[in-house]
Amino acid sequence: MADREERRFAEVSRESVRLMAEGAGVELGDDVAALLAEDVCYRLREATQSSSQFMRHAKRRKLTVEDFNRALRWSNVEAICGYGAQDALPFRSVKEGELFFVEDRDVNLVELALATNIPKGCAETMVRVNVSYLDGKGNLEPQGTVPTAVQSLSDDLLKYYQQITRAILGEDPHLMKVALLDLQSNSKIAALLPYFVYVISGVKSVSHDLEQLNRLMHMVKSLVQNPYLYLGSYVRSLVSSVMYCILEPLAASINPLNDHWTLRDYAALLLSHIFWTHGDLVSGLYHQILLSLQKVLSDPVRPLCSHYGAVVGLHALGWKAVERVLFPHLPAYWANLQAVLDDYSVSNAQVKADGHKVYGAILVAVERLLKMKALSLSQSAEGQSGAHPGSVVGAVSYRVNSPGLSPPPEPLSEAALGIASHLQVGGAGCHWEEWTPVPLPAMYCELYSFFGDSLAVRFSTGTGFGTHSPCTPSQLGDSRKEPPGPASNLDTTRKMPQLTANLNISPRQDGSPRTDPPPPTTRGAPRSAGLSREVFPKARFTSPQTTPPAFSFLIGGRQMGQRCQGRRPFQTMFATTPPVSAIPPRTYAHKLPVIGRVGKPVRRWTCSHYSLHLPL
Amino acid sequence: MAAVQGGMGDADIKTDIKTEPSADGFGNNNANDGRVLSASPGSSSSTGSNKQTAAVTPEDQQTLLAVLQFLKKNKLSESVEILRREAGLPENSLDPKANESAGAGSGGAAGIVDLEGGDASSLLSRVTGSSSAGAQAPTKAAVAEDQPDVSVVLSAYSQQGDPTLYKVYYRDLKKFIETVLDCHRAELSQVFYPLFVHMYLELVYNNHESEAKAFFEKFSGDQECYYEEDLRILSGLTKKEHMRGNETLLDFRTSKFVLRISRDSYQLLKRHLQERQNNQIWNIIQEHLYIDIFDGMPRSKSQIDAMSGSLAGEAKREANKTKVYYGLLKEPEIELPLDDEDEEAENEEGKPKKKKPKKDSVGSKSKKQDPNAPSQNRIPLPELKDSDKLDKIMYMKEATKRIRLGPDNLPSVCFYTFLNAYQGLTAVDLTDDSSLIAGGFADSTVRVWSVTPKKLRKVKSAADLNLIDKESDDVLERIMDEKTASESKIMYGHSGPVYGISFSPDRNYLLSSSEDGTVRLWSLLTFTCLVAYKGHNYPVWDTQFSPYGYYFVSGGHDRVARLWATDHYQPLRIFSGHLADITCTRFHPNSNYVATGSSDRTIRLWDVLSGNCVRIFTGHKGPIHSLAFSPNGKFLASGATDGRVLLWDIGHGLMVGELKGHTDTIYSLRFSRDGEILASGSMDNTVRLWDAMKAFDDLETDDFTAATGHIHLQDNSQELLLGTYTTKSTPVIHLHFTRRNLLLAAGAFNP
């Protein structure tokens, strides 16, 4: 056999036999030693052979001293004692003598007997259950495990759990980061999932502590992102904890210095993340979330921060959710919000600040709604452009409109069309309550009636500007006729604070961004809300008639009438503005600040795509 | 032809098999290892309890003589007297001369045989065979005088050829076989291994150590790789003294190596050997080989390889001819109580409406008698108790909720991991309803866990039991001692590792077999040991309850399997015939048969009624460590250390499939409840699922020749492998399908 050399057995040399005999005090002849050596070899092999049987039946791979002793016992040979240790025995050599020996340390029996630190017995033998499942054609990787009812924790897991929770909820930010990272990538913590979920559900008990709430939300995020975890029905529990942070009037929000807004934003993001990645685990989760958000939104008793949460929550769930829940509720909600915003009493200052936050959030949400809707329309329209001439124009205008700094490629006609579409805001029907069938133009009109130009600002720079251009001239005409009355109460109807003073003061020609508004990067960015009070009166300064046409447009935008009331000055001005359109659009680019960021103008003018771009 | 001589009919095979262990026995006598001292009284007394073998057959007599002589030699005169009286032997049977002639003298032995009716026992056929061969008889007799002992067996090697010629003979034969036609070559190559071994042993036996070594060096490389294990043992053996007591050798000496060769090939070989006057080899073939000649096409190499590998060659075709009643017994009809709707509601997630029609279908199915089933009372089975009926009802209910498994619908696995099992988990069993799990440990303990919230409770003490109201309805509840409720119980009693463990179907008892040679029956009501069944004097590797309870089977190192009844302290049947340890035992679902797997790499199926071996399956290349019957009783699956699962058709006695994939010993096999899926658990830390349906279906469409038994297996393991579950450092040592077809696996975490 080719590998015979490898299969050679260990042999005991005759020298060894003689040495051992000498050790026992017997002198052996050479031939006797040779015979003995051979026999010893054979007997050893035989014993090993039969001991391997015991190993096989003990279902082990490793032959133990115990196995060997059993084999010896069954062949009526005395067992060898003293080699039962689990650890490998160190085999040493003495260099000079070429001597090899097993190290055998003395054991002090007295010390051992009198020792007080008796080692505890090893842990109890127990049976634990894991579930493994097969995906497709077999999983070759070791399985992550899913806990069952029978599951309880091994010591290691318990320790891990304690360490992780301590690290996350503790003081050390570095530790927390590490713990969160591990939580996010550890594949063996399935058994702990219920415990972590339980910890997270403790949000209710720490609602006074923003820091802790934040940490818990981070924990949620890590769990959700862990690819090895099957959240199953724990999703529901996680969602309810997150919703708590989004919606509840947290104890922490009593102190205006506490930035609970960020928490709500973060939680809302998290919610959407959970929903998009794990929403399929619980059926009807989406509707449940929508319902609870809607409930909060429609409950006027709730504090504004709850409403804020509901709005950002809806926003996070996508524009469809906004369209479905927020948009139909807007008219009803508007009255409340406006009441708050209109109250200038000092005692109301805090509330009003909150109101601004809500306002900002709503604005962001509906803008996104409009954009997305326009986008979806234009996308669907592109296929059928021939059938719908209006939409072609829309598509074109949409393209040319994109960035604020791009030269106005084009023509009055288009601009006129685009702007003309604003006109029909007033004329739009009153699809208040229904959420699905509101067509984009109508929606835009309606929203415009609430937000006026602060809406337009975003919209025009965004994707959807042109899409509502399908408003036909005839509509235009209609709407022109429509807005008759309430120019008189123009001042009182709408005093939204979205325009800052700088706008009025410096309609700069060069478009330099000296006092540019900050880019609206985040919703409800936590600026000190108190500042908006100064801004507010300034926003009300307008006397449109005196301003130049170019100006009046802007002002008109500011005076968001209740639906159509604010439109008239705007329209009239607009009708006369064709010459103004010669003014390069950059003039007005970046001029109009955004709600919620008025207090702290940022001195950069990045984010040009958020800027105002009116193709006048 | 001596090898194919008559007198090897079915009846003879039976007796043949039965005597073999005794032959082992006195081989051991010789070795003086004291094994037989305890073993032979045990076996002789059990023969007594075994009602069918009342008459003393000639080979028994010879055995007895051997035993008597041994006893006498060891000065146990009282035992000699008793045994002699019991066996009804005449006084002079102890006469050393008579003995000698019986034991070794070829003429004498033949004479006895002739006197006793010309029955050809395994031992004697060898003797007569050699004497009929003629040429060697005188030399043999001459050597026999040096062996005035009972070791007929060893003396079979006593023929003295020129040791230097062995190499030449072998090379000659090799050259011949290499030059024959391709179609014969594979068949004739089978001869190499047994010839090689026997020639080597002859050399060793006759003290030609260096020649033996040279012979081994030269030709061991030619042997098939699956004999490597045996060759390793052989290579260590170079002295005559070592041959005594070496178990592997015993196997070679005591049994004929069986080869299946087509008539054409056999003629070729015969002609060649006769032409060459190659008596040395011819004698070995005559004496130690059994050549099963068949008419027809010679088999191909792959066909031969599929069936070879066992210690004693292939099974004789006659060995697998007996009819086996593999059908299932008719289920007793049980009236389902009317209020089962309520119970249904208690069982969470019940679907009462679906159940009814299905239940009826189950009932109607069981009314028909399976033509292949044994008669209902072939084996007396215990009466069903009320509690059994309740359990049956529960079973049916569960069965209606069973998930139909298949390639597209694989089961999930629940893995029961034994943690902190530093003492070494050696055996696991789960109750049929999956409510209890038991583990046997290397530290001699047996531990039982409840895997449901229901805790384990003991029965109250006798004094407390006196106090309870025996008439009350919930008396069964009242007898339990709430104070003893715990999740697990430990049972002490064995004095060696517990290698086998089995729950009774009614969950009241637990069996455990241990290295200490006993099988113990434990009560799961009191958690104490009820009986220790002593009979195996060597480690008992496995034990299992009958699916109907009451009976159980055990098998161990002494190479016999025993059938017991729980209320008998001695075995009812002894199944002997394996040439090496019995490593696993399984009951057929109809309780009429027992399958045993062995280290001799064969599987045998035994008839519980007659105690006969009715099937011998060869083909594994390593010790068999797991067996599983398909739920319909038609098929058997076996797993071995070679990492392969083989599938067998019991009715035809054929290998019908080979499942390759595991890389280590398969310790556990289990069919799903409906038999669609076979799960195998292995030392390589995986559970694999196989499409059993397809494996058996493909077979039925195949027109394999049941007559010749020449299987032709296609290698479709990869198609049949449905999935692999990997554990984490946890060898899978037990598998179980719940009544709803969830797969449960168990093993000890082994970091």
# chains A, B, ... in the order shown; residues from 1 in each chain; ligands from 1
call {"tool": "interface_residues", "arguments": {"of": "chain B", "to": "chain A", "cutoff": "6 Å", "atoms": "only C-alpha atoms", "output": "VMD selection string"}}
result
chain B and resid 220 to 221 412 to 421 426 723 to 724 726 to 728
call {"tool": "residues_around", "arguments": {"residues": "stretch 437-447 of chain B", "least_positions_apart": "3", "cutoff": "6 Å", "atoms": "only C-alpha atoms", "output": "JSON, numbers by chain"}}
result
{"B": [423, 424, 425, 426, 427, 428, 429, 430, 489, 490, 491, 492, 494, 495, 496, 497, 498]}
call {"tool": "residues_around", "arguments": {"residues": "A:Tyr198", "least_positions_apart": "5", "cutoff": "10 Å", "atoms": "only C-alpha atoms", "output": "PyMOL selection string"}}
result
chain A and resi 192-193+203+234+237-238+241
call {"tool": "residues_around", "arguments": {"residues": "B:Val168", "least_positions_apart": "2", "cutoff": "12 Å", "atoms": "only C-alpha atoms", "output": "number ranges by chain"}}
result
B: 161-166, 170-175, 199, 211, 215, 218-219, 276, 278, 280-281
call {"tool": "write_last_selection", "arguments": {"atoms": "C-alpha atoms", "output": "PDB file, in the first residue's frame"}}
result
ATOM      1  CA  GLY B 161       3.281 -25.190   2.610  1.00  0.00           C
ATOM      2  CA  ASP B 162       6.614 -23.804   1.728  1.00  0.00           C
ATOM      3  CA  PRO B 163       6.394 -20.311   3.128  1.00  0.00           C
ATOM      4  CA  THR B 164       8.540 -18.885   0.403  1.00  0.00           C
ATOM      5  CA  LEU B 165       6.135 -20.121  -2.204  1.00  0.00           C
ATOM      6  CA  TYR B 166       3.191 -18.166  -0.857  1.00  0.00           C
ATOM      7  CA  TYR B 170      -0.336 -15.253  -4.897  1.00  0.00           C
ATOM      8  CA  ARG B 171       1.513 -13.491  -7.640  1.00  0.00           C
ATOM      9  CA  ASP B 172       0.610 -16.271  -9.970  1.00  0.00           C
ATOM     10  CA  LEU B 173      -3.037 -15.950  -9.247  1.00  0.00           C
ATOM     11  CA  LYS B 174      -2.825 -12.240  -9.520  1.00  0.00           C
ATOM     12  CA  LYS B 175      -1.247 -12.488 -12.904  1.00  0.00           C
ATOM     13  CA  MET B 199      -2.413 -16.798   3.445  1.00  0.00           C
ATOM     14  CA  GLU B 211       7.847 -14.203   5.255  1.00  0.00           C
ATOM     15  CA  PHE B 215       4.014 -11.041   2.024  1.00  0.00           C
ATOM     16  CA  LYS B 218       4.086  -6.883  -1.076  1.00  0.00           C
ATOM     17  CA  PHE B 219       0.424  -7.407  -1.517  1.00  0.00           C
ATOM     18  CA  ARG B 276      -1.314 -25.168 -12.025  1.00  0.00           C
ATOM     19  CA  ASN B 278      -1.937 -24.811  -7.004  1.00  0.00           C
ATOM     20  CA  GLN B 280      -2.215 -24.185  -1.523  1.00  0.00           C
ATOM     21  CA  ILE B 281      -4.646 -21.662  -2.840  1.00  0.00           C
TER      22      ILE B 281
END
call {"tool": "residues_around", "arguments": {"residues": "stretch 255-269 of chain A", "least_positions_apart": "2", "cutoff": "9 Å", "atoms": "only C-alpha atoms", "output": "PyMOL selection string"}}
result
chain A and resi 210+213-214+217+242-247+250-253+271-274+305+308-310+312-317+350+357+523-526+528
call {"tool": "atom_distance", "arguments": {"atom1": "atom CA of B:Ser717", "atom2": "atom CA of B:Gly651"}}
result
23.0 Å
call {"tool": "decode", "arguments": {"residues": "stretch 280-295 of chain B", "atoms": "all heavy atoms", "output": "PDB file, in the first residue's frame"}}
result
ATOM      1  N   GLN B 280      -2.217 -25.090  -2.669  1.00  0.00           N
ATOM      2  CA  GLN B 280      -2.215 -24.185  -1.523  1.00  0.00           C
ATOM      3  C   GLN B 280      -3.420 -23.246  -1.588  1.00  0.00           C
ATOM      4  O   GLN B 280      -4.203 -23.135  -0.651  1.00  0.00           O
ATOM      5  CB  GLN B 280      -0.927 -23.358  -1.543  1.00  0.00           C
ATOM      6  CG  GLN B 280      -0.581 -22.762  -0.221  1.00  0.00           C
ATOM      7  CD  GLN B 280      -0.004 -23.831   0.697  1.00  0.00           C
ATOM      8  OE1 GLN B 280       0.654 -24.792   0.265  1.00  0.00           O
ATOM      9  NE2 GLN B 280      -0.276 -23.683   1.975  1.00  0.00           N
ATOM     10  N   ILE B 281      -3.558 -22.618  -2.694  1.00  0.00           N
ATOM     11  CA  ILE B 281      -4.646 -21.662  -2.840  1.00  0.00           C
ATOM     12  C   ILE B 281      -5.978 -22.381  -2.935  1.00  0.00           C
ATOM     13  O   ILE B 281      -6.976 -21.969  -2.357  1.00  0.00           O
ATOM     14  CB  ILE B 281      -4.396 -20.781  -4.085  1.00  0.00           C
ATOM     15  CG1 ILE B 281      -3.290 -19.790  -3.758  1.00  0.00           C
ATOM     16  CG2 ILE B 281      -5.667 -20.081  -4.514  1.00  0.00           C
ATOM     17  CD1 ILE B 281      -2.970 -18.848  -4.842  1.00  0.00           C
ATOM     18  N   TRP B 282      -5.950 -23.450  -3.649  1.00  0.00           N
ATOM     19  CA  TRP B 282      -7.201 -24.203  -3.794  1.00  0.00           C
ATOM     20  C   TRP B 282      -7.728 -24.644  -2.430  1.00  0.00           C
ATOM     21  O   TRP B 282      -8.922 -24.554  -2.138  1.00  0.00           O
ATOM     22  CB  TRP B 282      -6.960 -25.398  -4.713  1.00  0.00           C
ATOM     23  CG  TRP B 282      -8.220 -26.160  -4.997  1.00  0.00           C
ATOM     24  CD1 TRP B 282      -8.471 -27.457  -4.710  1.00  0.00           C
ATOM     25  CD2 TRP B 282      -9.392 -25.644  -5.616  1.00  0.00           C
ATOM     26  NE1 TRP B 282      -9.727 -27.797  -5.109  1.00  0.00           N
ATOM     27  CE2 TRP B 282     -10.319 -26.699  -5.665  1.00  0.00           C
ATOM     28  CE3 TRP B 282      -9.736 -24.384  -6.126  1.00  0.00           C
ATOM     29  CZ2 TRP B 282     -11.587 -26.549  -6.213  1.00  0.00           C
ATOM     30  CZ3 TRP B 282     -10.993 -24.246  -6.676  1.00  0.00           C
ATOM     31  CH2 TRP B 282     -11.914 -25.316  -6.723  1.00  0.00           C
ATOM     32  N   ASN B 283      -6.833 -25.048  -1.563  1.00  0.00           N
ATOM     33  CA  ASN B 283      -7.269 -25.469  -0.234  1.00  0.00           C
ATOM     34  C   ASN B 283      -7.867 -24.325   0.554  1.00  0.00           C
ATOM     35  O   ASN B 283      -8.861 -24.490   1.255  1.00  0.00           O
ATOM     36  CB  ASN B 283      -6.098 -26.062   0.529  1.00  0.00           C
ATOM     37  CG  ASN B 283      -5.839 -27.478   0.074  1.00  0.00           C
ATOM     38  OD1 ASN B 283      -6.783 -28.181  -0.314  1.00  0.00           O
ATOM     39  ND2 ASN B 283      -4.583 -27.885   0.064  1.00  0.00           N
ATOM     40  N   ILE B 284      -7.230 -23.217   0.430  1.00  0.00           N
ATOM     41  CA  ILE B 284      -7.772 -22.069   1.170  1.00  0.00           C
ATOM     42  C   ILE B 284      -9.159 -21.744   0.655  1.00  0.00           C
ATOM     43  O   ILE B 284     -10.093 -21.502   1.423  1.00  0.00           O
ATOM     44  CB  ILE B 284      -6.834 -20.852   1.019  1.00  0.00           C
ATOM     45  CG1 ILE B 284      -5.552 -21.107   1.795  1.00  0.00           C
ATOM     46  CG2 ILE B 284      -7.518 -19.607   1.541  1.00  0.00           C
ATOM     47  CD1 ILE B 284      -4.531 -20.028   1.658  1.00  0.00           C
ATOM     48  N   ILE B 285      -9.297 -21.783  -0.632  1.00  0.00           N
ATOM     49  CA  ILE B 285     -10.619 -21.495  -1.185  1.00  0.00           C
ATOM     50  C   ILE B 285     -11.630 -22.510  -0.680  1.00  0.00           C
ATOM     51  O   ILE B 285     -12.748 -22.187  -0.302  1.00  0.00           O
ATOM     52  CB  ILE B 285     -10.547 -21.498  -2.726  1.00  0.00           C
ATOM     53  CG1 ILE B 285      -9.729 -20.294  -3.194  1.00  0.00           C
ATOM     54  CG2 ILE B 285     -11.937 -21.454  -3.335  1.00  0.00           C
ATOM     55  CD1 ILE B 285      -9.593 -20.194  -4.690  1.00  0.00           C
ATOM     56  N   GLN B 286     -11.208 -23.727  -0.646  1.00  0.00           N
ATOM     57  CA  GLN B 286     -12.113 -24.775  -0.196  1.00  0.00           C
ATOM     58  C   GLN B 286     -12.481 -24.599   1.273  1.00  0.00           C
ATOM     59  O   GLN B 286     -13.627 -24.782   1.674  1.00  0.00           O
ATOM     60  CB  GLN B 286     -11.440 -26.146  -0.351  1.00  0.00           C
ATOM     61  CG  GLN B 286     -11.116 -26.521  -1.762  1.00  0.00           C
ATOM     62  CD  GLN B 286     -12.314 -27.118  -2.468  1.00  0.00           C
ATOM     63  OE1 GLN B 286     -13.442 -26.692  -2.236  1.00  0.00           O
ATOM     64  NE2 GLN B 286     -12.088 -28.085  -3.319  1.00  0.00           N
ATOM     65  N   GLU B 287     -11.485 -24.260   2.056  1.00  0.00           N
ATOM     66  CA  GLU B 287     -11.718 -24.302   3.486  1.00  0.00           C
ATOM     67  C   GLU B 287     -12.319 -23.022   4.039  1.00  0.00           C
ATOM     68  O   GLU B 287     -13.115 -23.059   4.954  1.00  0.00           O
ATOM     69  CB  GLU B 287     -10.392 -24.562   4.202  1.00  0.00           C
ATOM     70  CG  GLU B 287      -9.937 -25.983   4.082  1.00  0.00           C
ATOM     71  CD  GLU B 287      -8.613 -26.171   4.794  1.00  0.00           C
ATOM     72  OE1 GLU B 287      -8.449 -25.617   5.894  1.00  0.00           O
ATOM     73  OE2 GLU B 287      -7.735 -26.844   4.238  1.00  0.00           O
ATOM     74  N   HIS B 288     -11.875 -21.932   3.537  1.00  0.00           N
ATOM     75  CA  HIS B 288     -12.239 -20.682   4.199  1.00  0.00           C
ATOM     76  C   HIS B 288     -13.183 -19.820   3.388  1.00  0.00           C
ATOM     77  O   HIS B 288     -13.658 -18.815   3.892  1.00  0.00           O
ATOM     78  CB  HIS B 288     -10.982 -19.864   4.509  1.00  0.00           C
ATOM     79  CG  HIS B 288     -10.014 -20.578   5.358  1.00  0.00           C
ATOM     80  ND1 HIS B 288     -10.299 -20.926   6.665  1.00  0.00           N
ATOM     81  CD2 HIS B 288      -8.776 -21.061   5.117  1.00  0.00           C
ATOM     82  CE1 HIS B 288      -9.271 -21.561   7.185  1.00  0.00           C
ATOM     83  NE2 HIS B 288      -8.335 -21.670   6.254  1.00  0.00           N
ATOM     84  N   LEU B 289     -13.399 -20.206   2.175  1.00  0.00           N
ATOM     85  CA  LEU B 289     -14.266 -19.363   1.354  1.00  0.00           C
ATOM     86  C   LEU B 289     -15.541 -20.122   1.011  1.00  0.00           C
ATOM     87  O   LEU B 289     -15.516 -21.345   0.833  1.00  0.00           O
ATOM     88  CB  LEU B 289     -13.547 -18.987   0.045  1.00  0.00           C
ATOM     89  CG  LEU B 289     -12.770 -17.682   0.040  1.00  0.00           C
ATOM     90  CD1 LEU B 289     -11.778 -17.646   1.171  1.00  0.00           C
ATOM     91  CD2 LEU B 289     -12.044 -17.534  -1.281  1.00  0.00           C
ATOM     92  N   TYR B 290     -16.577 -19.419   0.964  1.00  0.00           N
ATOM     93  CA  TYR B 290     -17.823 -20.007   0.483  1.00  0.00           C
ATOM     94  C   TYR B 290     -18.134 -19.297  -0.815  1.00  0.00           C
ATOM     95  O   TYR B 290     -18.377 -18.088  -0.834  1.00  0.00           O
ATOM     96  CB  TYR B 290     -18.943 -19.789   1.485  1.00  0.00           C
ATOM     97  CG  TYR B 290     -20.271 -20.370   1.037  1.00  0.00           C
ATOM     98  CD1 TYR B 290     -20.674 -21.628   1.482  1.00  0.00           C
ATOM     99  CD2 TYR B 290     -21.100 -19.671   0.186  1.00  0.00           C
ATOM    100  CE1 TYR B 290     -21.876 -22.162   1.072  1.00  0.00           C
ATOM    101  CE2 TYR B 290     -22.302 -20.195  -0.231  1.00  0.00           C
ATOM    102  CZ  TYR B 290     -22.680 -21.446   0.208  1.00  0.00           C
ATOM    103  OH  TYR B 290     -23.868 -21.962  -0.201  1.00  0.00           O
ATOM    104  N   ILE B 291     -18.098 -20.028  -1.893  1.00  0.00           N
ATOM    105  CA  ILE B 291     -18.352 -19.372  -3.169  1.00  0.00           C
ATOM    106  C   ILE B 291     -19.770 -19.659  -3.589  1.00  0.00           C
ATOM    107  O   ILE B 291     -20.167 -20.806  -3.793  1.00  0.00           O
ATOM    108  CB  ILE B 291     -17.343 -19.835  -4.227  1.00  0.00           C
ATOM    109  CG1 ILE B 291     -15.949 -19.422  -3.746  1.00  0.00           C
ATOM    110  CG2 ILE B 291     -17.649 -19.185  -5.569  1.00  0.00           C
ATOM    111  CD1 ILE B 291     -14.872 -19.687  -4.724  1.00  0.00           C
ATOM    112  N   ASP B 292     -20.527 -18.600  -3.660  1.00  0.00           N
ATOM    113  CA  ASP B 292     -21.936 -18.690  -4.006  1.00  0.00           C
ATOM    114  C   ASP B 292     -22.011 -18.516  -5.521  1.00  0.00           C
ATOM    115  O   ASP B 292     -21.841 -17.414  -6.033  1.00  0.00           O
ATOM    116  CB  ASP B 292     -22.679 -17.572  -3.274  1.00  0.00           C
ATOM    117  CG  ASP B 292     -24.162 -17.769  -3.318  1.00  0.00           C
ATOM    118  OD1 ASP B 292     -24.606 -18.780  -3.882  1.00  0.00           O
ATOM    119  OD2 ASP B 292     -24.875 -16.901  -2.790  1.00  0.00           O
ATOM    120  N   ILE B 293     -22.257 -19.606  -6.211  1.00  0.00           N
ATOM    121  CA  ILE B 293     -22.200 -19.554  -7.673  1.00  0.00           C
ATOM    122  C   ILE B 293     -23.579 -19.250  -8.230  1.00  0.00           C
ATOM    123  O   ILE B 293     -24.575 -19.828  -7.792  1.00  0.00           O
ATOM    124  CB  ILE B 293     -21.690 -20.885  -8.236  1.00  0.00           C
ATOM    125  CG1 ILE B 293     -20.266 -21.100  -7.740  1.00  0.00           C
ATOM    126  CG2 ILE B 293     -21.746 -20.894  -9.754  1.00  0.00           C
ATOM    127  CD1 ILE B 293     -19.729 -22.457  -8.057  1.00  0.00           C
ATOM    128  N   PHE B 294     -23.639 -18.355  -9.132  1.00  0.00           N
ATOM    129  CA  PHE B 294     -24.916 -18.075  -9.774  1.00  0.00           C
ATOM    130  C   PHE B 294     -24.756 -18.173 -11.279  1.00  0.00           C
ATOM    131  O   PHE B 294     -23.653 -18.040 -11.821  1.00  0.00           O
ATOM    132  CB  PHE B 294     -25.452 -16.703  -9.360  1.00  0.00           C
ATOM    133  CG  PHE B 294     -24.583 -15.548  -9.765  1.00  0.00           C
ATOM    134  CD1 PHE B 294     -24.708 -14.969 -11.016  1.00  0.00           C
ATOM    135  CD2 PHE B 294     -23.650 -15.036  -8.887  1.00  0.00           C
ATOM    136  CE1 PHE B 294     -23.908 -13.901 -11.381  1.00  0.00           C
ATOM    137  CE2 PHE B 294     -22.845 -13.975  -9.249  1.00  0.00           C
ATOM    138  CZ  PHE B 294     -22.972 -13.408 -10.502  1.00  0.00           C
ATOM    139  N   ASP B 295     -25.854 -18.411 -11.943  1.00  0.00           N
ATOM    140  CA  ASP B 295     -25.832 -18.485 -13.400  1.00  0.00           C
ATOM    141  C   ASP B 295     -26.188 -17.128 -13.953  1.00  0.00           C
ATOM    142  O   ASP B 295     -27.086 -16.469 -13.452  1.00  0.00           O
ATOM    143  CB  ASP B 295     -26.834 -19.528 -13.887  1.00  0.00           C
ATOM    144  CG  ASP B 295     -26.418 -20.911 -13.438  1.00  0.00           C
ATOM    145  OD1 ASP B 295     -25.289 -21.316 -13.733  1.00  0.00           O
ATOM    146  OD2 ASP B 295     -27.224 -21.571 -12.739  1.00  0.00           O
TER     147      ASP B 295
END
